[in-house]
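J.: Below are the structure tokens for one structure; questions will follow.
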Amino acid sequence: MSFSPFMGWGGQIALGVGLTVVTALLTLVLGLGLGLFVAILKQSKWPAARIIGDAYTTIIRGTPELLIVLLAFFGSTIALHRLTTLFTGRDLWIQVPVLVCGVIALSVIFGGYAAESIRGGMLSIPKGQIEAAEAFGLSPFSILLVIKIPLIWQHALPALGNNWLSLIKSTSLLSLLSMEELMRKCTLAANDTALYFRFYLVAAAIYLALTGLNVMVLHKLESTARKKS
Amino acid sequence: MDLLIDNLPQYGRALLTTLSLMILGLVGGFFLAAPIALISVEAPRPFKLGALIYTTFFRGTPLLVQVFMIYYGLGQVWVIRHTFLWAAFKEPFFCAILALALNTSAYTANIIKGAIQSVPKGEIEAGAAFGLNRAKLYRYIILPYALRLFLPAYGSEVIIIMKATSLAATITLLDLTSLAKLIMSRTFRPFESFIITASIYIAITFVLTRILKLIERTISHEDKIDRLNRAPEGQF
């Protein structure tokens, strides 16, 4: 028999890594959109919008991520049950796929943290730059496109990068809902082979590689953002 | 609301578990972080590298992996299984605190290191010119200055660890989040259960933020008085 450090679980773990990456990327797209929306709400002229935005970020940042994930898991099934009973009149129980409620929960969480990071970027735009652009006769739209967005991007990027790194690690929470991502695959492998330490070490090493790789990508992004503006 | 009243004793115990995990984890983490930070600033290169590997590992991997590794993984290591260490490592409560402490120590060490490195060079050189040795430089110049930079960043770490106790408790401990999960799956009322538990967490966050602000203000206030007293005549 040949030496096999993964005891035949290598392929499964690779699949898990794939699902972890897909989950993180889907969440990034949805969460960034949500975060931008909430950041705009928080900067709005209308007090009602500001209150909603502030309440959102306070609740998300004040509660554990796991609690929100659990709410999405148990809540989605109940909510769907109520909806289907309301519309069809029948007693239907449909389990929402874990990937769907997992991505929604993580996006809601990521959106709350990203909103604060984006708001920080918005606040750091110097007034003088906008006035200078106006004096040059630029339209509000081109000011947004040419001045505001690059500046917000540059100033929010370090904080958003940290949000992204913790999102990668947070995807491991979905293993508690039995979604077969990296952490869950390693737990299954550990239970099957009784090699707990080895497989959790494998999980740790892969997460470390993922975060390390992303740190490098973020450094690259940050230096290009600085050069452009 | 009746969920809360019916399960009040359980909520009380769960709150106690969450708070004790947080406090013990933070205290343990701080005592680990201080030497690590000092090593990463002052020690020779190989030691610095060791500290870097330590902080990178604990900051780069999910807390959940660390908790499982300690609770399920270390129990298999012979030295732990067959010596007095087993008495501690078989307890999920101990493992949860250890995981929290190790995790927060890496983040805290980075905060301390950052604070020490932001002390202006001129202040340190001035102290050295007065003939202060390294230890006295730390005692009178570097640490008082670094403390003011350390506190706000450490405040957010305290809140993060308060919430992270929910992950540490996944190894069979009944904290606020596991209780919420239990009630969600038992009563089929996830929304009420969430609102109650989230409110408790937000209340804790609120109280902690207040306490931290108070400490920050006291320290910066003392600092001001100190400077006023030391300032030469006529400068104010």
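Ligands are numbered from 1 in the order shown, chains are lettered A, B, ... in the order of the structure tokens, and residues start at 1 in each chain.
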Excluding Ala156 (chain A) and residues on its chain fewer than 4 positions from it, collect all residues at most 7 Å away from it, counting only C-alpha atoms, and give them as a count of residues only.

T.: 6

J.: With only C-alpha atoms considered, list every residue of chain B at most 7 Å from chain A, as a list in words.

T.: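 Putting it all together, I get Phe57, Gly60, Thr61, Pro62, Val65, Met69, Tyr72, Gly73, Leu74, Lys163, Ala164, Ser166, Thr177, Lys181, Met184, Pro190, Phe191, Phe194, Ala198, Tyr201, Ile202 and Thr205 of chain B.
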
J.: List as a list in words the protein and nucleic acid residues near region 156-160 of chain B, meaning an atom at most 8 Å away when only C-alpha atoms are counted, but skip any in the same chain fewer than 3 places from it.

T.: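 Contacts, with the query itself left out: Leu26, Thr104, Tyr107, Thr108, Pro152, Ala153, Lys163, Ala164, Thr205, Leu208 and Thr209 of chain B.
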
J.: Show which residues sit within 12 Å of Ile5 (chain B), as a list in words. Count only C-alpha atoms, and ignore same-chain residues fewer than 5 positions away.

T.: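 Contacts, with the query itself left out: Gln10, Tyr11, Gly12, Ser193 and Ile196 of chain B.
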
J.: Neighbours of Leu49 (chain B) within 8 Å (only C-alpha atoms; same-chain residues fewer than 4 positions away dropped), as an NGL selection string?

T.: :B and (40 or 45 or 53)

J.: From the set B:Gly50, B:Thr55, B:Glu123, B:Phe93, which residue has the shortest atom-to-atom contact distance to Thr172 (chain B), counting only C-alpha atoms?

T.: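 For Thr172 (chain B), the nearest of the candidates is B:Phe93.
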
J.: Pick out the residues sitting within 9 Å of Asp175 (chain B), and hand them over as a ChimeraX atom specification; count only C-alpha atoms, and ignore anything fewer than 4 positions along from it in its own chain.

T.: /B:11,13-19,165-166,169-170,179-180

J.: How many Å lie between CA of Ala135 (chain B) and CA of Glu222 (chain B), rounded to one decimal?

T.: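 Calculated distance between CA of Ala135 (chain B) and CA of Glu222 (chain B) is 22.6 Å.
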
J.: Among region 21-226 of chain B, which residues does DSSP mark as alpha helix (DSSP H) when it is run on the backbone? Keep the chain and numbering as in the structure and answer as a ChimeraX atom specification.

T.: /B:21-42,45-60,63-68,78-81,85-89,92-117,121-129,134-137,143-168,176-187,190-226

J.: Write out as a list in words the residues lying within 9 Å of Ile70 (chain B), counting only C-alpha atoms and excluding same-chain residues fewer than 4 positions away.

T.: Phe197 of chain A; Val65, Gln66, Leu74, Gly75, Phe89, Cys95, Ala96, Leu98 and Ala99 of chain B

J.: Keeping only all heavy atoms, write the selected residues to a file as a JSON list (two decimals), in the first residue's frame.

T.:
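Produced file part.json, reproduced below:
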```
[["chain", "number", "residue", "atom", "x", "y", "z"],
["A", 197, "PHE", "N", -6.66, 15.03, 14.80],
["A", 197, "PHE", "CA", -5.64, 16.08, 14.77],
["A", 197, "PHE", "C", -5.15, 16.31, 13.36],
["A", 197, "PHE", "O", -5.03, 17.44, 12.90],
["A", 197, "PHE", "CB", -4.48, 15.73, 15.70],
["A", 197, "PHE", "CG", -3.57, 16.88, 15.95],
["A", 197, "PHE", "CD1", -3.95, 17.92, 16.80],
["A", 197, "PHE", "CD2", -2.34, 16.97, 15.32],
["A", 197, "PHE", "CE1", -3.14, 19.00, 17.01],
["A", 197, "PHE", "CE2", -1.51, 18.07, 15.53],
["A", 197, "PHE", "CZ", -1.92, 19.07, 16.38],
["B", 65, "VAL", "N", -11.88, 25.97, 13.57],
["B", 65, "VAL", "CA", -10.86, 24.94, 13.35],
["B", 65, "VAL", "C", -9.98, 24.81, 14.58],
["B", 65, "VAL", "O", -9.65, 23.71, 15.02],
["B", 65, "VAL", "CB", -10.01, 25.28, 12.10],
["B", 65, "VAL", "CG1", -8.91, 24.25, 11.91],
["B", 65, "VAL", "CG2", -10.88, 25.33, 10.85],
["B", 66, "GLN", "N", -9.60, 25.96, 15.15],
["B", 66, "GLN", "CA", -8.73, 25.93, 16.33],
["B", 66, "GLN", "C", -9.41, 25.23, 17.50],
["B", 66, "GLN", "O", -8.80, 24.44, 18.21],
["B", 66, "GLN", "CB", -8.35, 27.37, 16.71],
["B", 66, "GLN", "CG", -7.50, 28.05, 15.64],
["B", 66, "GLN", "CD", -7.52, 29.56, 15.76],
["B", 66, "GLN", "OE1", -7.88, 30.11, 16.79],
["B", 66, "GLN", "NE2", -7.13, 30.24, 14.69],
["B", 74, "LEU", "N", -6.25, 17.37, 20.09],
["B", 74, "LEU", "CA", -5.18, 17.22, 21.09],
["B", 74, "LEU", "C", -5.46, 16.07, 22.04],
["B", 74, "LEU", "O", -4.55, 15.52, 22.64],
["B", 74, "LEU", "CB", -5.00, 18.53, 21.87],
["B", 74, "LEU", "CG", -4.29, 19.64, 21.10],
["B", 74, "LEU", "CD1", -4.07, 20.84, 22.01],
["B", 74, "LEU", "CD2", -2.95, 19.17, 20.56],
["B", 75, "GLY", "N", -6.72, 15.69, 22.17],
["B", 75, "GLY", "CA", -7.06, 14.56, 23.03],
["B", 75, "GLY", "C", -6.41, 13.26, 22.57],
["B", 75, "GLY", "O", -6.32, 12.30, 23.32],
["B", 89, "PHE", "N", -7.69, 18.75, 29.50],
["B", 89, "PHE", "CA", -8.08, 18.72, 28.08],
["B", 89, "PHE", "C", -9.35, 17.91, 27.82],
["B", 89, "PHE", "O", -9.89, 17.96, 26.73],
["B", 89, "PHE", "CB", -6.92, 18.19, 27.23],
["B", 89, "PHE", "CG", -5.93, 19.26, 26.89],
["B", 89, "PHE", "CD1", -4.84, 19.52, 27.70],
["B", 89, "PHE", "CD2", -6.11, 20.04, 25.75],
["B", 89, "PHE", "CE1", -3.94, 20.52, 27.38],
["B", 89, "PHE", "CE2", -5.22, 21.04, 25.43],
["B", 89, "PHE", "CZ", -4.14, 21.29, 26.24],
["B", 95, "CYS", "N", -11.00, 23.68, 27.11],
["B", 95, "CYS", "CA", -10.55, 23.75, 25.71],
["B", 95, "CYS", "C", -11.08, 25.00, 25.03],
["B", 95, "CYS", "O", -10.37, 25.64, 24.23],
["B", 95, "CYS", "CB", -11.03, 22.52, 24.95],
["B", 95, "CYS", "SG", -10.18, 21.02, 25.48],
["B", 96, "ALA", "N", -12.33, 25.37, 25.33],
["B", 96, "ALA", "CA", -12.91, 26.57, 24.73],
["B", 96, "ALA", "C", -12.13, 27.81, 25.15],
["B", 96, "ALA", "O", -11.80, 28.68, 24.33],
["B", 96, "ALA", "CB", -14.37, 26.71, 25.14],
["B", 98, "LEU", "N", -9.02, 27.90, 26.26],
["B", 98, "LEU", "CA", -7.67, 27.84, 25.67],
["B", 98, "LEU", "C", -7.71, 28.33, 24.22],
["B", 98, "LEU", "O", -6.87, 29.14, 23.80],
["B", 98, "LEU", "CB", -7.14, 26.40, 25.73],
["B", 98, "LEU", "CG", -5.73, 26.20, 25.20],
["B", 98, "LEU", "CD1", -4.73, 26.97, 26.04],
["B", 98, "LEU", "CD2", -5.36, 24.72, 25.16],
["B", 99, "ALA", "N", -8.71, 27.85, 23.45],
["B", 99, "ALA", "CA", -8.80, 28.27, 22.06],
["B", 99, "ALA", "C", -9.02, 29.77, 21.95],
["B", 99, "ALA", "O", -8.37, 30.45, 21.15],
["B", 99, "ALA", "CB", -9.95, 27.52, 21.36]]
```

J.: Pick from A:Leu36, A:Leu174, A:Met122, A:Ile149: nearest to Phe110 (chain A), with only C-alpha atoms counted?

T.: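 Result for the nearest residue to Phe110 (chain A): A:Leu36.
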
J.: Find the residue from A:Gly16, A:Gly112, A:Pro140, A:Pro97 that sits nearest to Lys42 (chain A); use only C-alpha atoms when measuring.

T.: A:Gly112

J.: Compare A:Pro150, A:Gly33, A:Gly102, A:Gly137 by their minimum atom-to-atom distance to Thr20 (chain A), counting only C-alpha atoms, and give me the closest one.

T.: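 Comparing A:Pro150, A:Gly33, A:Gly102, A:Gly137 against Thr20 (chain A), the winner is A:Gly102.
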